[in-house]
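**Student:** Handing you this structure, nothing more for now.
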Amino acid sequence: MPVTPSNYELGKSTPADSATRWFPGRNLVTSLRYRGRDYRYRALFDVLRRHCHGRVLDVGGGSFVTTAVEERVQFDEWTIVEPYEADLPKVFDSRVRTMVGDGHALEIEGNQFDTVLSIQVLEHVFEPIRMIEELYRVTTPGGHLVVMVPQTANLHHIPHHYQNFTRYWLEAAADRLGAESIEYHALGGAWSTIASRLLLQYPGVFGIAGYRHPGIKRGWRFWALFPVGLIVSAVTFPLSMVMSLGDMKEEANNHVMVLRKPLIFPPVGASTGT
């Protein structure tokens with residue numbers, strides 16, 4: 001398991017060890033979970049098709065760009081930032097660039113990207129407000145910062161899962177940035193959460209990397225009741241998915257918010273140099 005950087009934040013790279021990975025839970029289970037997320041929450045790609053354009057910066061998104069291309073999201077250039085070289089995806093598209101960097105201290109000049117993405121990343125950052133401020137800094141005036149955060153996510157990428165979020169954190173962050181919130185979507189709800197909890201407990205039960213804390217031991221009561229739990233899950237999961245068709249938005253699984261950085265206009269009466 002990789003060593004956690006001393007400040008517990010996404011992006012402190014150690015180039016000397018290119019085999020190190022920040023997220024230990026990037027495996028088949030996680031790939032399937034993300035595929036399920038992308039299929040379930042199609043509204044995310046509707047948002048990206050409306051607001052994604054020009055130069056795109058995707059911090060912590062890994063291979064998300066491949067799904068974006070499949071979903072006909074338009075862009076001219078897509079830059080992926082990951083904390084370690086081993087986390088960088090191999091994408092065979094001339095428009096896609098990758099770089100190792102610190103998500104809360106990017107070595108990029110301000111006002112550079114038309115669209116900046118943070119898709120289910122802030123829960124893995126110990127000081128998320130610092131990172132969202134940095135993403136906003138490199139967004140061009142008039143550009144968009146698209147943020148997706150979970151409210152009810154199961155633990156994943158252990159030990160780098162620090163918190164979940166409500167929509168009110170996003171609204172407060174937008175106020176702090178001075179950004180305009182131009183679009184918001186609640187994805188899933190209470191019943192979706194029940195279904196997700198039932199299904200995603202099992203990677204931890206079976207010791208999949210990134211889903212189970214190594215110091216936890218399960219006693220005989222857990223294993224005695226485990227077959228009953230499987231039956232309850234098998235019955236409740238499909239019922240919860242049906243009920244989620246009319247879900248409760250206050251208890252969203254995930255929140256998607258689009259923030260726009262205001263245009264910078266010269267003061268009235270200032271000389272334009274022409």
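As shown in the structure tokens, the chain order sets the letters A, B, ...; within each chain, residues go from 1, and ligands are also counted from 1 in the order they appear.
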For segment 119-122 of chain A, work out the shell of residues within 8 Å, counting only C-alpha atoms and skipping chain neighbours fewer than 5 positions away, then give it as a list in words.
**Tutor:**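 Non-adjacent residues within range: Val59, Gly60, Gly61, Pro128, Met131, Val146, Val147, Met148, Val149 and Pro150 of chain A.
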**Student:** Counting only C-alpha atoms, what are the residues of segment 98-180 of chain A within 8 Å of segment 207-221 of chain A, and for each of them which pair of atoms is the nearest and at what distance in Å, to one decimal? Sort the table by chain and rising number, as JSON lines.
**Tutor:**
{"residue": "A:Leu155", "atom": "CA", "partner": "A:Tyr211", "partner_atom": "CA", "distance": 6.3}
{"residue": "A:His156", "atom": "CA", "partner": "A:Tyr211", "partner_atom": "CA", "distance": 5.0}
{"residue": "A:His157", "atom": "CA", "partner": "A:Gly210", "partner_atom": "CA", "distance": 4.2}
{"residue": "A:Ile158", "atom": "CA", "partner": "A:Gly210", "partner_atom": "CA", "distance": 4.5}
{"residue": "A:Pro159", "atom": "CA", "partner": "A:Gly210", "partner_atom": "CA", "distance": 7.2}
**Student:** Given the selection you just returned, output its residues as a file containing N, CA and C atoms, formatted as an mmCIF file, in the first residue's frame.
**Tutor:**
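Saved as out_17.cif:
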data_model
loop_
_atom_site.group_PDB
_atom_site.id
_atom_site.type_symbol
_atom_site.label_atom_id
_atom_site.label_comp_id
_atom_site.auth_asym_id
_atom_site.auth_seq_id
_atom_site.Cartn_x
_atom_site.Cartn_y
_atom_site.Cartn_z
ATOM 1 N N LEU A 155 -17.243 3.710 1.861
ATOM 2 C CA LEU A 155 -15.797 3.880 1.908
ATOM 3 C C LEU A 155 -15.154 3.208 0.703
ATOM 4 N N HIS A 156 -14.259 3.942 0.049
ATOM 5 C CA HIS A 156 -13.509 3.387 -1.067
ATOM 6 C C HIS A 156 -12.159 4.092 -1.131
ATOM 7 N N HIS A 157 -11.210 3.505 -1.812
ATOM 8 C CA HIS A 157 -9.836 4.011 -1.848
ATOM 9 C C HIS A 157 -9.289 4.228 -0.432
ATOM 10 N N ILE A 158 -9.647 3.305 0.473
ATOM 11 C CA ILE A 158 -9.086 3.356 1.830
ATOM 12 C C ILE A 158 -7.567 3.292 1.732
ATOM 13 N N PRO A 159 -6.808 4.146 2.435
ATOM 14 C CA PRO A 159 -7.229 5.049 3.521
ATOM 15 C C PRO A 159 -7.474 6.485 3.075
#
**Student:** Would you kindly return, as a VMD selection string, each protein, DNA or RNA residue with an atom no farther than 9 Å from any atom of Ile132 of chain A, considering only C-alpha atoms and excluding same-chain residues fewer than 5 positions away?
**Tutor:** chain A and resid 103 to 104 118 122 137 145 147 173 177
**Student:** Please list as a list of chain:residue names every residue within 9 Å of segment 192-206 of chain A, counting only C-alpha atoms and excluding residues in the same chain fewer than 6 positions away.
**Tutor:**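 What passes the distance filter is A:Val29, A:Arg33, A:Thr152, A:Ala153, A:Asn154, A:Leu155, A:His156, A:Arg212, A:His213, A:Arg218, A:Val232, A:Ser233, A:Ala234, A:Thr236, A:Phe237, A:Pro238, A:Leu239, A:Ser240, A:Met241, A:Met243, A:Ser244, A:Leu245, A:Asp247, A:Glu251, A:Ala252, A:Asn253.
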**Student:** Which residues are close to Val91 of chain A, i.e. within 12 Å by only C-alpha atoms, leaving aside same-chain residues fewer than 2 positions away? Reply as a list in words.
**Tutor:**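 In the requested format, the answer is Gly62, Ser63, Phe64, Val65, Thr66, Thr67, Val69, Trp78, Thr79, Ile80, Leu88, Pro89, Asp93, Ser94, Arg95, Val96, Arg97 and Thr98 of chain A.
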**Student:** Would you pick out the contacts of Glu71 of chain A at 10 Å or less, using only C-alpha atoms, so that residues sharing its chain but fewer than 5 positions from it are not included, and give the list as a compact mmCIF listing (two decimals) with C-alpha atoms, in the first residue's frame?
**Tutor:**
# COMPACT_ATOMS: atom_id res chain seq x y z
CA ASP A 38 -21.62 6.54 -15.43
CA ARG A 42 -26.50 10.00 -17.30
CA PHE A 45 -22.88 13.73 -19.31
CA ASP A 46 -25.81 15.93 -20.27
CA LEU A 48 -20.78 18.05 -19.74
CA ARG A 49 -22.22 18.20 -23.25
CA VAL A 65 -11.91 11.10 -20.54
CA THR A 66 -12.49 7.83 -22.42
**Student:** Taking the chain letters and numbering used in this document, name the residues of segment 164-270 of chain A that DSSP puts in helix (DSSP H, G or I), as an mmCIF file with N, CA and C atoms, in the first residue's frame.
**Tutor:**
data_model
loop_
_atom_site.group_PDB
_atom_site.id
_atom_site.type_symbol
_atom_site.label_atom_id
_atom_site.label_comp_id
_atom_site.auth_asym_id
_atom_site.auth_seq_id
_atom_site.Cartn_x
_atom_site.Cartn_y
_atom_site.Cartn_z
ATOM 1 N N ARG A 167 -25.056 19.339 -0.622
ATOM 2 C CA ARG A 167 -25.124 20.406 -1.615
ATOM 3 C C ARG A 167 -24.787 21.752 -0.983
ATOM 4 N N TYR A 168 -24.991 21.855 0.329
ATOM 5 C CA TYR A 168 -24.772 23.128 1.013
ATOM 6 C C TYR A 168 -23.283 23.449 1.134
ATOM 7 N N TRP A 169 -22.445 22.418 1.161
ATOM 8 C CA TRP A 169 -21.007 22.669 1.109
ATOM 9 C C TRP A 169 -20.650 23.287 -0.241
ATOM 10 N N LEU A 170 -21.207 22.744 -1.315
ATOM 11 C CA LEU A 170 -20.932 23.293 -2.643
ATOM 12 C C LEU A 170 -21.420 24.731 -2.759
ATOM 13 N N GLU A 171 -22.599 25.011 -2.221
ATOM 14 C CA GLU A 171 -23.128 26.374 -2.293
ATOM 15 C C GLU A 171 -22.255 27.346 -1.500
ATOM 16 N N ALA A 172 -21.813 26.901 -0.309
ATOM 17 C CA ALA A 172 -20.945 27.756 0.501
ATOM 18 C C ALA A 172 -19.597 27.969 -0.184
ATOM 19 N N ALA A 173 -19.083 26.922 -0.840
ATOM 20 C CA ALA A 173 -17.818 27.045 -1.561
ATOM 21 C C ALA A 173 -17.959 28.032 -2.720
ATOM 22 N N ALA A 174 -19.082 27.957 -3.434
ATOM 23 C CA ALA A 174 -19.315 28.886 -4.543
ATOM 24 C C ALA A 174 -19.340 30.328 -4.043
ATOM 25 N N ASP A 175 -19.996 30.566 -2.900
ATOM 26 C CA ASP A 175 -20.031 31.905 -2.321
ATOM 27 C C ASP A 175 -18.627 32.374 -1.955
ATOM 28 N N ARG A 176 -17.848 31.469 -1.387
ATOM 29 C CA ARG A 176 -16.486 31.825 -0.979
ATOM 30 C C ARG A 176 -15.618 32.177 -2.191
ATOM 31 N N LEU A 177 -15.834 31.466 -3.291
ATOM 32 C CA LEU A 177 -15.058 31.718 -4.511
ATOM 33 C C LEU A 177 -15.514 32.965 -5.251
ATOM 34 N N ALA A 190 -32.522 8.547 -1.411
ATOM 35 C CA ALA A 190 -32.498 7.641 -0.267
ATOM 36 C C ALA A 190 -32.524 6.172 -0.693
ATOM 37 N N TRP A 191 -33.381 5.839 -1.652
ATOM 38 C CA TRP A 191 -33.474 4.438 -2.074
ATOM 39 C C TRP A 191 -32.227 4.019 -2.852
ATOM 40 N N SER A 192 -31.693 4.926 -3.637
ATOM 41 C CA SER A 192 -30.436 4.620 -4.321
ATOM 42 C C SER A 192 -29.315 4.356 -3.321
ATOM 43 N N THR A 193 -29.331 5.118 -2.232
ATOM 44 C CA THR A 193 -28.324 4.930 -1.196
ATOM 45 C C THR A 193 -28.432 3.546 -0.573
ATOM 46 N N ILE A 194 -29.664 3.124 -0.282
ATOM 47 C CA ILE A 194 -29.870 1.789 0.293
ATOM 48 C C ILE A 194 -29.330 0.718 -0.652
ATOM 49 N N ALA A 195 -29.653 0.847 -1.946
ATOM 50 C CA ALA A 195 -29.171 -0.137 -2.921
ATOM 51 C C ALA A 195 -27.646 -0.131 -2.987
ATOM 52 N N SER A 196 -27.068 1.065 -2.995
ATOM 53 C CA SER A 196 -25.618 1.182 -3.072
ATOM 54 C C SER A 196 -24.945 0.574 -1.849
ATOM 55 N N ARG A 197 -25.483 0.858 -0.663
ATOM 56 C CA ARG A 197 -24.907 0.318 0.565
ATOM 57 C C ARG A 197 -24.967 -1.205 0.581
ATOM 58 N N LEU A 198 -26.088 -1.751 0.131
ATOM 59 C CA LEU A 198 -26.227 -3.207 0.114
ATOM 60 C C LEU A 198 -25.187 -3.856 -0.793
ATOM 61 N N LEU A 199 -25.001 -3.275 -1.984
ATOM 62 C CA LEU A 199 -24.117 -3.887 -2.970
ATOM 63 C C LEU A 199 -22.641 -3.673 -2.629
ATOM 64 N N LEU A 200 -22.309 -2.442 -2.239
ATOM 65 C CA LEU A 200 -20.897 -2.086 -2.110
ATOM 66 C C LEU A 200 -20.297 -2.436 -0.750
ATOM 67 N N TYR A 202 -19.915 -5.561 -0.057
ATOM 68 C CA TYR A 202 -19.275 -6.853 -0.295
ATOM 69 C C TYR A 202 -17.813 -6.787 -0.724
ATOM 70 N N PRO A 203 -17.361 -5.756 -1.460
ATOM 71 C CA PRO A 203 -15.911 -5.671 -1.693
ATOM 72 C C PRO A 203 -15.121 -5.616 -0.394
ATOM 73 N N GLY A 204 -15.652 -4.905 0.612
ATOM 74 C CA GLY A 204 -14.982 -4.867 1.906
ATOM 75 C C GLY A 204 -15.020 -6.211 2.612
ATOM 76 N N VAL A 205 -16.155 -6.893 2.509
ATOM 77 C CA VAL A 205 -16.284 -8.211 3.145
ATOM 78 C C VAL A 205 -15.244 -9.177 2.593
ATOM 79 N N TRP A 220 -17.463 -14.357 14.832
ATOM 80 C CA TRP A 220 -18.312 -15.472 14.405
ATOM 81 C C TRP A 220 -19.751 -15.027 14.159
ATOM 82 N N ARG A 221 -20.203 -14.003 14.897
ATOM 83 C CA ARG A 221 -21.577 -13.532 14.687
ATOM 84 C C ARG A 221 -21.761 -12.986 13.267
ATOM 85 N N PHE A 222 -20.739 -12.252 12.796
ATOM 86 C CA PHE A 222 -20.810 -11.717 11.432
ATOM 87 C C PHE A 222 -20.978 -12.861 10.430
ATOM 88 N N TRP A 223 -20.137 -13.881 10.531
ATOM 89 C CA TRP A 223 -20.178 -14.968 9.560
ATOM 90 C C TRP A 223 -21.399 -15.853 9.732
ATOM 91 N N ALA A 224 -21.906 -15.956 10.971
ATOM 92 C CA ALA A 224 -23.132 -16.728 11.186
ATOM 93 C C ALA A 224 -24.326 -16.056 10.516
ATOM 94 N N LEU A 225 -24.345 -14.725 10.540
ATOM 95 C CA LEU A 225 -25.454 -13.983 9.942
ATOM 96 C C LEU A 225 -25.231 -13.652 8.472
ATOM 97 N N PHE A 226 -24.033 -13.913 7.971
ATOM 98 C CA PHE A 226 -23.693 -13.533 6.601
ATOM 99 C C PHE A 226 -24.643 -14.136 5.564
ATOM 100 N N PRO A 227 -25.001 -15.440 5.647
ATOM 101 C CA PRO A 227 -25.945 -15.983 4.652
ATOM 102 C C PRO A 227 -27.296 -15.266 4.680
ATOM 103 N N VAL A 228 -27.751 -14.886 5.883
ATOM 104 C CA VAL A 228 -29.007 -14.144 5.986
ATOM 105 C C VAL A 228 -28.865 -12.789 5.299
ATOM 106 N N GLY A 229 -27.706 -12.147 5.512
ATOM 107 C CA GLY A 229 -27.451 -10.867 4.878
ATOM 108 C C GLY A 229 -27.475 -10.960 3.362
ATOM 109 N N LEU A 230 -26.947 -12.051 2.824
ATOM 110 C CA LEU A 230 -26.984 -12.234 1.369
ATOM 111 C C LEU A 230 -28.420 -12.310 0.856
ATOM 112 N N ILE A 231 -29.264 -13.012 1.598
ATOM 113 C CA ILE A 231 -30.672 -13.139 1.190
ATOM 114 C C ILE A 231 -31.373 -11.788 1.267
ATOM 115 N N VAL A 232 -31.130 -11.053 2.371
ATOM 116 C CA VAL A 232 -31.732 -9.724 2.523
ATOM 117 C C VAL A 232 -31.282 -8.810 1.382
ATOM 118 N N SER A 233 -29.998 -8.868 1.052
ATOM 119 C CA SER A 233 -29.482 -8.029 -0.027
ATOM 120 C C SER A 233 -30.118 -8.389 -1.359
ATOM 121 N N ALA A 234 -30.230 -9.689 -1.635
ATOM 122 C CA ALA A 234 -30.790 -10.151 -2.907
ATOM 123 C C ALA A 234 -32.235 -9.712 -3.079
ATOM 124 N N VAL A 235 -32.977 -9.628 -1.978
ATOM 125 C CA VAL A 235 -34.383 -9.220 -2.043
ATOM 126 C C VAL A 235 -34.506 -7.697 -2.073
ATOM 127 N N THR A 236 -33.742 -7.033 -1.213
ATOM 128 C CA THR A 236 -33.904 -5.592 -1.009
ATOM 129 C C THR A 236 -33.285 -4.771 -2.124
ATOM 130 N N PHE A 237 -32.172 -5.236 -2.698
ATOM 131 C CA PHE A 237 -31.490 -4.445 -3.728
ATOM 132 C C PHE A 237 -32.402 -4.145 -4.921
ATOM 133 N N PRO A 238 -33.029 -5.152 -5.554
ATOM 134 C CA PRO A 238 -33.883 -4.810 -6.711
ATOM 135 C C PRO A 238 -35.085 -3.956 -6.319
ATOM 136 N N LEU A 239 -35.651 -4.187 -5.122
ATOM 137 C CA LEU A 239 -36.781 -3.364 -4.682
ATOM 138 C C LEU A 239 -36.353 -1.914 -4.495
ATOM 139 N N SER A 240 -35.164 -1.725 -3.936
ATOM 140 C CA SER A 240 -34.654 -0.367 -3.737
ATOM 141 C C SER A 240 -34.410 0.330 -5.066
ATOM 142 N N MET A 241 -33.912 -0.413 -6.044
ATOM 143 C CA MET A 241 -33.678 0.179 -7.358
ATOM 144 C C MET A 241 -34.988 0.615 -8.008
ATOM 145 N N VAL A 242 -36.044 -0.177 -7.828
ATOM 146 C CA VAL A 242 -37.351 0.214 -8.358
ATOM 147 C C VAL A 242 -37.848 1.473 -7.656
ATOM 148 N N MET A 243 -37.753 1.484 -6.320
ATOM 149 C CA MET A 243 -38.208 2.647 -5.564
ATOM 150 C C MET A 243 -37.398 3.899 -5.892
ATOM 151 N N SER A 244 -36.157 3.713 -6.321
ATOM 152 C CA SER A 244 -35.307 4.866 -6.630
ATOM 153 C C SER A 244 -35.779 5.630 -7.859
ATOM 154 N N LEU A 245 -36.714 5.058 -8.623
ATOM 155 C CA LEU A 245 -37.249 5.765 -9.783
ATOM 156 C C LEU A 245 -38.007 7.022 -9.365
ATOM 157 N N GLY A 246 -38.464 7.055 -8.101
ATOM 158 C CA GLY A 246 -39.111 8.254 -7.567
ATOM 159 C C GLY A 246 -38.430 8.669 -6.280
ATOM 160 N N LYS A 249 -34.736 13.686 -3.391
ATOM 161 C CA LYS A 249 -33.551 14.422 -3.827
ATOM 162 C C LYS A 249 -32.747 15.007 -2.671
ATOM 163 N N GLU A 250 -33.396 15.274 -1.522
ATOM 164 C CA GLU A 250 -32.622 15.807 -0.395
ATOM 165 C C GLU A 250 -31.557 14.825 0.080
ATOM 166 N N GLU A 251 -31.786 13.540 -0.149
ATOM 167 C CA GLU A 251 -30.846 12.500 0.286
ATOM 168 C C GLU A 251 -30.072 11.955 -0.914
#
**Student:** Enumerate as a PyMOL selection string all residues of segment 131-234 of chain A assigned to strand (DSSP E or B) by DSSP on the backbone, naming them with the chain letters and numbers the document uses.
**Tutor:** chain A and resi 139-150+180-187
**Student:** When you draw a straight line from atom CA of Gly143 of chain A to atom CA of His124 of chain A, how long is it in Å?
**Tutor:**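 Between atom CA of Gly143 of chain A and atom CA of His124 of chain A the gap works out to 24.6 Å.
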**Student:** Contacts of Asp114 of chain A at 6 Å or less, counting only C-alpha atoms, minus same-chain residues fewer than 3 places along, as a list of chain:residue names?
**Tutor:**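 Using only C-alpha atoms, the neighbours found are A:Gly54, A:Arg55, A:Thr140, A:Gly143.
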**Student:** Got time to write the residues from that selection, N, CA and C atoms, as an mmCIF file, in the first residue's frame?
**Tutor:**
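Output file out.cif is given in full below:
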data_model
loop_
_atom_site.group_PDB
_atom_site.id
_atom_site.type_symbol
_atom_site.label_atom_id
_atom_site.label_comp_id
_atom_site.auth_asym_id
_atom_site.auth_seq_id
_atom_site.Cartn_x
_atom_site.Cartn_y
_atom_site.Cartn_z
ATOM 1 N N GLY A 54 -13.471 23.636 -25.336
ATOM 2 C CA GLY A 54 -12.132 24.216 -25.359
ATOM 3 C C GLY A 54 -11.096 23.387 -24.622
ATOM 4 N N ARG A 55 -10.286 24.061 -23.823
ATOM 5 C CA ARG A 55 -9.241 23.404 -23.037
ATOM 6 C C ARG A 55 -9.848 22.920 -21.722
ATOM 7 N N THR A 140 -10.611 29.874 -16.730
ATOM 8 C CA THR A 140 -10.647 31.159 -17.419
ATOM 9 C C THR A 140 -11.875 31.963 -16.997
ATOM 10 N N GLY A 143 -15.313 30.832 -17.869
ATOM 11 C CA GLY A 143 -15.235 29.375 -17.956
ATOM 12 C C GLY A 143 -16.021 28.686 -16.857
#
**Student:** For Gly188 of chain A, which of A:Tyr84, A:Phe113, A:Tyr41, A:Phe92 is the closest residue, counting only C-alpha atoms?
**Tutor:**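 Of A:Tyr84, A:Phe113, A:Tyr41, A:Phe92, the one nearest Gly188 of chain A, counting only C-alpha atoms, is A:Tyr41.
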**Student:** May I ask for the distance between atom CA of Leu187 of chain A and atom CA of His255 of chain A, given in Å to one decimal place?
**Tutor:**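 Calculated distance between atom CA of Leu187 of chain A and atom CA of His255 of chain A is 6.0 Å.
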